[in-house]
Every structure is written in C-alpha cells, then in structure tokens.
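Novice: Here you go, entry_34.csv (CSV, C-alpha atoms and all ligand atoms):
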```
chain,number,residue,atom,x,y,z
A,1,MET,CA,108.5,101.3,65.7
A,2,ILE,CA,105.7,99.4,67.3
A,3,ASP,CA,102.9,101.4,65.8
A,4,HIS,CA,102.1,98.6,63.3
A,5,MET,CA,101.3,96.4,66.3
A,6,PHE,CA,98.3,98.6,67.2
A,7,GLY,CA,95.4,96.3,68.2
A,8,LYS,CA,97.7,93.3,68.8
A,9,ILE,CA,99.6,94.3,71.9
A,10,THR,CA,99.0,95.2,75.5
A,11,LEU,CA,101.2,96.2,78.4
A,12,SER,CA,101.0,94.3,81.7
A,13,ILE,CA,102.6,94.8,85.0
A,14,ILE,CA,102.9,92.2,87.7
A,15,LYS,CA,102.5,94.6,90.7
A,16,PRO,CA,104.7,94.7,93.8
A,17,ASP,CA,102.2,92.7,95.9
A,18,ALA,CA,102.2,89.7,93.5
A,19,VAL,CA,106.0,89.8,93.0
A,20,LYS,CA,106.5,89.8,96.8
A,21,LYS,CA,104.1,86.9,97.3
A,22,GLY,CA,106.0,84.8,94.7
A,23,TYR,CA,103.3,84.8,92.0
A,24,ILE,CA,105.4,85.8,89.0
A,25,PHE,CA,105.5,82.3,87.5
A,26,PRO,CA,101.9,81.3,88.2
A,27,ILE,CA,100.7,84.5,86.6
A,28,LEU,CA,103.0,84.3,83.6
A,29,TYR,CA,101.9,80.6,83.1
A,30,LYS,CA,98.2,81.7,83.0
A,31,ILE,CA,99.0,84.5,80.6
A,32,ILE,CA,100.9,82.2,78.2
A,33,HIS,CA,98.3,79.4,78.6
A,34,ALA,CA,95.7,81.9,77.5
A,35,GLY,CA,97.5,82.4,74.1
A,36,PHE,CA,99.5,85.6,74.7
A,37,HIS,CA,103.1,85.8,73.5
A,38,ILE,CA,105.8,87.7,75.5
A,39,ILE,CA,107.6,90.1,73.2
A,40,ALA,CA,109.3,92.1,76.0
A,41,LEU,CA,109.8,91.5,79.7
A,42,LYS,CA,111.7,93.1,82.5
A,43,MET,CA,112.0,93.2,86.2
A,44,THR,CA,112.3,96.8,87.4
A,45,GLU,CA,111.2,99.3,90.1
A,46,LEU,CA,109.3,102.5,89.7
A,47,SER,CA,110.4,105.6,91.5
A,48,LYS,CA,107.6,107.7,93.0
A,49,LYS,CA,108.2,110.1,90.1
A,50,SER,CA,107.7,107.5,87.4
A,51,ALA,CA,104.7,105.9,89.2
A,52,THR,CA,103.1,109.4,89.3
A,53,LYS,CA,103.8,109.8,85.6
A,54,PHE,CA,102.5,106.3,84.7
A,55,TYR,CA,99.2,106.8,86.6
A,56,ALA,CA,98.8,110.5,85.7
A,57,GLU,CA,95.2,110.0,84.5
A,58,HIS,CA,94.3,109.3,88.2
A,59,GLU,CA,96.1,112.2,89.8
A,60,ARG,CA,92.9,113.8,91.1
A,61,LYS,CA,91.5,110.6,92.6
A,62,LEU,CA,91.5,110.0,96.4
A,63,PHE,CA,93.4,106.8,96.0
A,64,PHE,CA,96.3,108.3,93.9
A,65,GLU,CA,98.8,109.0,96.6
A,66,SER,CA,98.5,105.5,98.1
A,67,LEU,CA,98.6,104.0,94.6
A,68,VAL,CA,101.9,105.7,93.8
A,69,LYS,CA,103.4,104.6,97.1
A,70,PHE,CA,102.3,101.0,96.5
A,71,MET,CA,103.5,100.9,92.9
A,72,SER,CA,106.9,102.2,93.9
A,73,SER,CA,107.2,99.9,97.0
A,74,GLY,CA,109.1,97.1,95.4
A,75,PRO,CA,110.1,95.3,92.2
A,76,ILE,CA,107.5,94.8,89.4
A,77,ILE,CA,107.5,92.8,86.2
A,78,SER,CA,106.6,94.8,83.1
A,79,VAL,CA,105.6,92.8,80.0
A,80,ILE,CA,104.5,93.4,76.5
A,81,LEU,CA,102.1,90.8,75.3
A,82,GLU,CA,101.0,90.0,71.8
A,83,LYS,CA,97.7,88.4,70.7
A,84,GLU,CA,94.8,89.3,68.4
A,85,ASN,CA,92.5,91.6,70.4
A,86,ALA,CA,95.2,91.7,73.1
A,87,VAL,CA,93.8,94.6,75.1
A,88,LYS,CA,90.2,93.3,75.4
A,89,ASP,CA,91.2,89.7,75.9
A,90,PHE,CA,93.7,90.6,78.6
A,91,ARG,CA,91.2,92.6,80.6
A,92,VAL,CA,88.9,89.6,80.6
A,93,LEU,CA,91.8,87.3,81.7
A,94,ILE,CA,92.7,89.6,84.7
A,95,GLY,CA,89.1,90.4,85.8
A,96,GLU,CA,87.5,93.4,87.4
A,97,THR,CA,89.7,96.1,89.1
A,98,ASN,CA,88.2,95.2,92.4
A,99,PRO,CA,89.0,91.6,93.1
A,100,VAL,CA,85.8,91.2,95.0
A,101,TYR,CA,84.0,91.4,91.7
A,102,ALA,CA,86.6,89.6,89.6
A,103,LYS,CA,85.2,86.4,88.1
A,104,LYS,CA,86.4,83.1,89.4
A,105,GLY,CA,89.6,81.9,87.8
A,106,THR,CA,90.7,85.4,86.7
A,107,ILE,CA,94.2,86.5,87.7
A,108,ARG,CA,92.8,89.2,90.1
A,109,ASN,CA,90.4,86.6,91.6
A,110,LEU,CA,93.2,84.2,92.2
A,111,TYR,CA,96.1,86.5,93.2
A,112,ALA,CA,94.9,90.0,94.3
A,113,THR,CA,95.0,91.1,97.9
A,114,SER,CA,92.8,94.2,97.8
A,115,LEU,CA,91.3,96.8,95.4
A,116,GLU,CA,94.7,98.6,95.4
A,117,LYS,CA,97.0,95.6,95.7
A,118,ASN,CA,95.2,93.8,92.8
A,119,ALA,CA,98.3,91.9,91.5
A,120,ILE,CA,98.3,93.0,87.8
A,121,HIS,CA,97.8,95.8,85.4
A,122,GLY,CA,96.4,95.7,81.8
A,123,SER,CA,96.2,98.6,79.3
A,124,ASP,CA,92.6,99.9,78.8
A,125,SER,CA,92.8,100.8,75.1
A,126,ASN,CA,94.9,100.1,72.0
A,127,GLN,CA,96.2,103.7,72.0
A,128,ASN,CA,97.2,103.5,75.7
A,129,ALA,CA,98.8,100.1,75.1
A,130,ILE,CA,101.3,101.6,72.7
A,131,LYS,CA,101.9,104.5,75.0
A,132,GLU,CA,102.4,102.3,78.0
A,133,CYS,CA,104.7,99.9,76.1
A,134,LEU,CA,107.0,102.8,75.2
A,135,PHE,CA,106.9,104.0,78.8
A,136,TYR,CA,108.8,100.8,79.9
A,137,PHE,CA,110.6,99.7,76.8
A,138,SER,CA,112.7,101.2,74.0
A,139,ASN,CA,112.2,99.9,70.5
A,140,ARG,CA,115.3,97.8,70.6
A,141,GLU,CA,114.0,95.9,73.7
A,142,ILE,CA,110.9,94.7,71.9
A,143,PHE,CA,111.2,91.5,70.0
A,144,PHE,CA,108.5,90.7,67.4
B,201,LIG,N1,92.8,101.6,92.5
B,201,LIG,C1,92.6,101.9,93.8
B,201,LIG,N2,91.4,102.3,94.3
B,201,LIG,C2,90.3,102.5,93.4
B,201,LIG,C3,90.5,102.3,92.1
B,201,LIG,C4,91.8,101.9,91.6
B,201,LIG,O1,93.6,101.7,94.6
B,201,LIG,O2,89.2,102.8,93.9
B,201,LIG,C5,94.1,101.2,92.0
B,201,LIG,C6,94.2,99.8,91.5
B,201,LIG,O3,95.5,99.2,91.8
B,201,LIG,C7,93.9,99.9,90.0
B,201,LIG,C8,94.7,101.2,89.7
B,201,LIG,O4,94.4,102.0,90.8
B,201,LIG,O5,94.4,98.7,89.3
B,201,LIG,C9,94.3,101.9,88.4
B,201,LIG,O6,92.9,102.1,88.5
B,201,LIG,P1,92.0,101.8,87.2
B,201,LIG,O7,90.7,102.4,87.4
B,201,LIG,O8,92.7,102.3,86.0
B,201,LIG,O9,91.9,100.2,87.2
B,201,LIG,P2,92.5,99.1,86.2
B,201,LIG,O10,92.6,99.7,84.8
B,201,LIG,O11,93.9,98.8,86.8
B,201,LIG,O12,91.6,97.9,86.3
B,202,MG,MG,93.4,101.5,84.2
```
Just give me the structure as structure tokens.
Ligand code: UDP
Ligand code: MG

Specialist:
Amino acid sequence: MIDHMFGKITLSIIKPDAVKKGYIFPILYKIIHAGFHIIALKMTELSKKSATKFYAEHERKLFFESLVKFMSSGPIISVILEKENAVKDFRVLIGETNPVYAKKGTIRNLYATSLEKNAIHGSDSNQNAIKECLFYFSNREIFF
C-alpha cells in the first residue's frame, strides 16, 4: 500500500508534446536536481478512454475534448516522485498552468508550447496524488 506515503508523493506526467520534442531527460534532470526521488516510472500511452477517466474532473470544461485528444496523441512518461511536501513543491517547480504566467526557470516556462500543451502534469492535492499514482501503477511497480 502507498497510503503511508500521503504527503510525501506526487504523480507527474511528461506530456506528449514534451516527449515528442525530446525533453524527457532535461525535464527529469530538473526534477531530480530539485530534490525529488523517482520511486516509479514508465513510458506509456493513454487511450482516449483512459485520458477521459484521468481528467474526469474537467469533463464539463470547453477544453476537455481537445485535452483528451492531446493527452492520447502519443507516448507519455508517468512518474511517482517522493519528497517532503511533494505536491506543493512540485507545483512550484512546474509553474502556472498557462506557460505565459509560469515563472522564469519553471518547467512549463522552459518547455511548454501552449496552455494545453504545457509539457507536464503535477497532482494538485495529497489525496489526488495517491489516487493518480494508483491510476498508473500497481503496488508492486512502486519502489520505496
Ligand atoms: N488546460 C487547457 N485549457 C485550459 C486549462 C487547462 O487546455 O484553459 C489543460 C492543460 O493541459 C492543463 C490540463 O488541462 O494542464 C488540466 O488543467 P488544470 O486546471 O487541472 O491544470 P494543472 O493542474 O495541470 O495545472
Ligand atoms: Mg490539475
């Protein structure tokens, strides 16, 4: 079980735009340099069905259909990251959702293409972090 990691883990996705542009390693380097430990990692692809499920909270938004299409448009890297205050610290590291507003040096500032194609995902709460980790990984794929 990963429940005992509550507050110490977050789920990240290197999105299809960043994978296509060859940013996997520069992004992972920045993440590790910021003090996060990788406890699970995989390259995978979302079907439209699983992208719909993953982003269910946004299903009534105008951008939803396009987001689902984008997130299932190519390979992604999903990663479980461990650090004290992982969720909050990681959101700082990636920057604002809209790269136009992302602070200089943040991952979205450096590698995002647009508001939709913003290079990377980070969980928004400790509870969602656990839920999202278990969306991509089974317990035996997570190495503490
Ligand atoms: N998104 C979009 N248009 C918007 C808002 C969000 O295309 O107006 C996309 C973007 O890829 C974002 C994802 O939907 O990362 C999820 O949105 P959320 O508000 O949860 O932002 P995040 O938590 O990723 O910063
Ligand atoms: Mg979000």

Novice: Each residue of range 87-129 of chain A with at least one atom at most 12 Å from range 23-26 of chain A should appear once, together with its nearest atom pair and the corresponding distance in Å (one decimal); atoms considered: only C-alpha atoms; ordering: chain, then increasing residue number; output as CSV.

Specialist:
```
residue,atom,partner,partner_atom,distance
A:Ile107,CA,A:Pro26,CA,9.3
A:Arg108,CA,A:Tyr23,CA,11.5
A:Leu110,CA,A:Pro26,CA,10.0
A:Tyr111,CA,A:Tyr23,CA,7.5
A:Ala112,CA,A:Tyr23,CA,10.1
A:Thr113,CA,A:Tyr23,CA,12.0
A:Ala119,CA,A:Tyr23,CA,8.7
A:Ile120,CA,A:Ile24,CA,10.2
```

Novice: If the limit is 8 Å from any atom of ligand LIG 201 (chain B), counting only C-alpha atoms and all ligand atoms, which residues qualify? Return them as number ranges by chain.

Specialist: A: 55, 58, 62-64, 66-67, 91, 95-98, 115-124

Novice: In Å to one decimal, how far is CA of Ser72 in chain A from CA of Lys48 in chain A?

Specialist: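 Answer for the CA of Lys48 in chain A to CA of Ser72 in chain A separation: 5.6 Å.
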
Novice: Between A:Lys69, A:Lys104, A:Lys131, A:Lys8, which is the closest to Ile38 in chain A once you count all atoms listed in the file?

Specialist: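 Of all the options, A:Lys8 lies closest to Ile38 in chain A.
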
Novice: One decimal, Å: what's the distance from CA of Gln127 in chain A over to CA of Gly7 in chain A, could you say?

Specialist: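 Distance between the two atoms: 8.4 Å.
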
Novice: In Å, with one decimal, what is the gap from CA of Ala18 in chain A to CA of Leu93 in chain A?

Specialist: 15.9 Å

Novice: Quick one: of A:Asn139, A:Ser73, A:Asn109, A:Asn128, who's nearest to ligand MG 202 (chain B), counting only C-alpha atoms and all ligand atoms?

Specialist: A:Asn128

Novice: Restricting the calculation to only C-alpha atoms and all ligand atoms, which member of A:Val100, A:Ile80, A:Leu11, A:Ile32 is positioned closest to ligand MG 202 (chain B)?

Specialist: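 Of all the options, A:Leu11 lies closest to ligand MG 202 (chain B).
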
Novice: Could you give me, as a list of chain:residue names, the residues within 10 Å of range 3-5 of chain A, counting only C-alpha atoms and dropping anything in the same chain fewer than 2 positions from it?

Specialist: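 Close residues of range 3-5 of chain A: A:Met1, A:Gly7, A:Lys8, A:Ile9, A:Thr10, A:Glu82, A:Lys83, A:Glu84, A:Asn126, A:Gln127, A:Ala129, A:Ile130, A:Lys131, A:Phe144.
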
Novice: Would you please work out which residue, of A:Ile14, A:Ala51, A:Cys133, A:Ile142, is nearest to Ile31 in chain A when using all atoms listed in the file?

Specialist: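 Going through A:Ile14, A:Ala51, A:Cys133, A:Ile142 one by one, the smallest distance to Ile31 in chain A is for A:Ile14.
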
Novice: Given the choices A:Ile27, A:Ile94, A:Met71, A:Val19, which gets closest to Met43 in chain A if the distance is worked out from only C-alpha atoms?

Specialist: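 Nearest candidate to Met43 in chain A out of A:Ile27, A:Ile94, A:Met71, A:Val19: A:Val19.
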
Novice: I'd like to know which of A:Gly105, A:Gly74, A:Pro16, A:Gly35 is closest to Phe90 in chain A, using all atoms listed in the file.

Specialist: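 Of A:Gly105, A:Gly74, A:Pro16, A:Gly35, the one nearest Phe90 in chain A, counting all atoms listed in the file, is A:Gly35.
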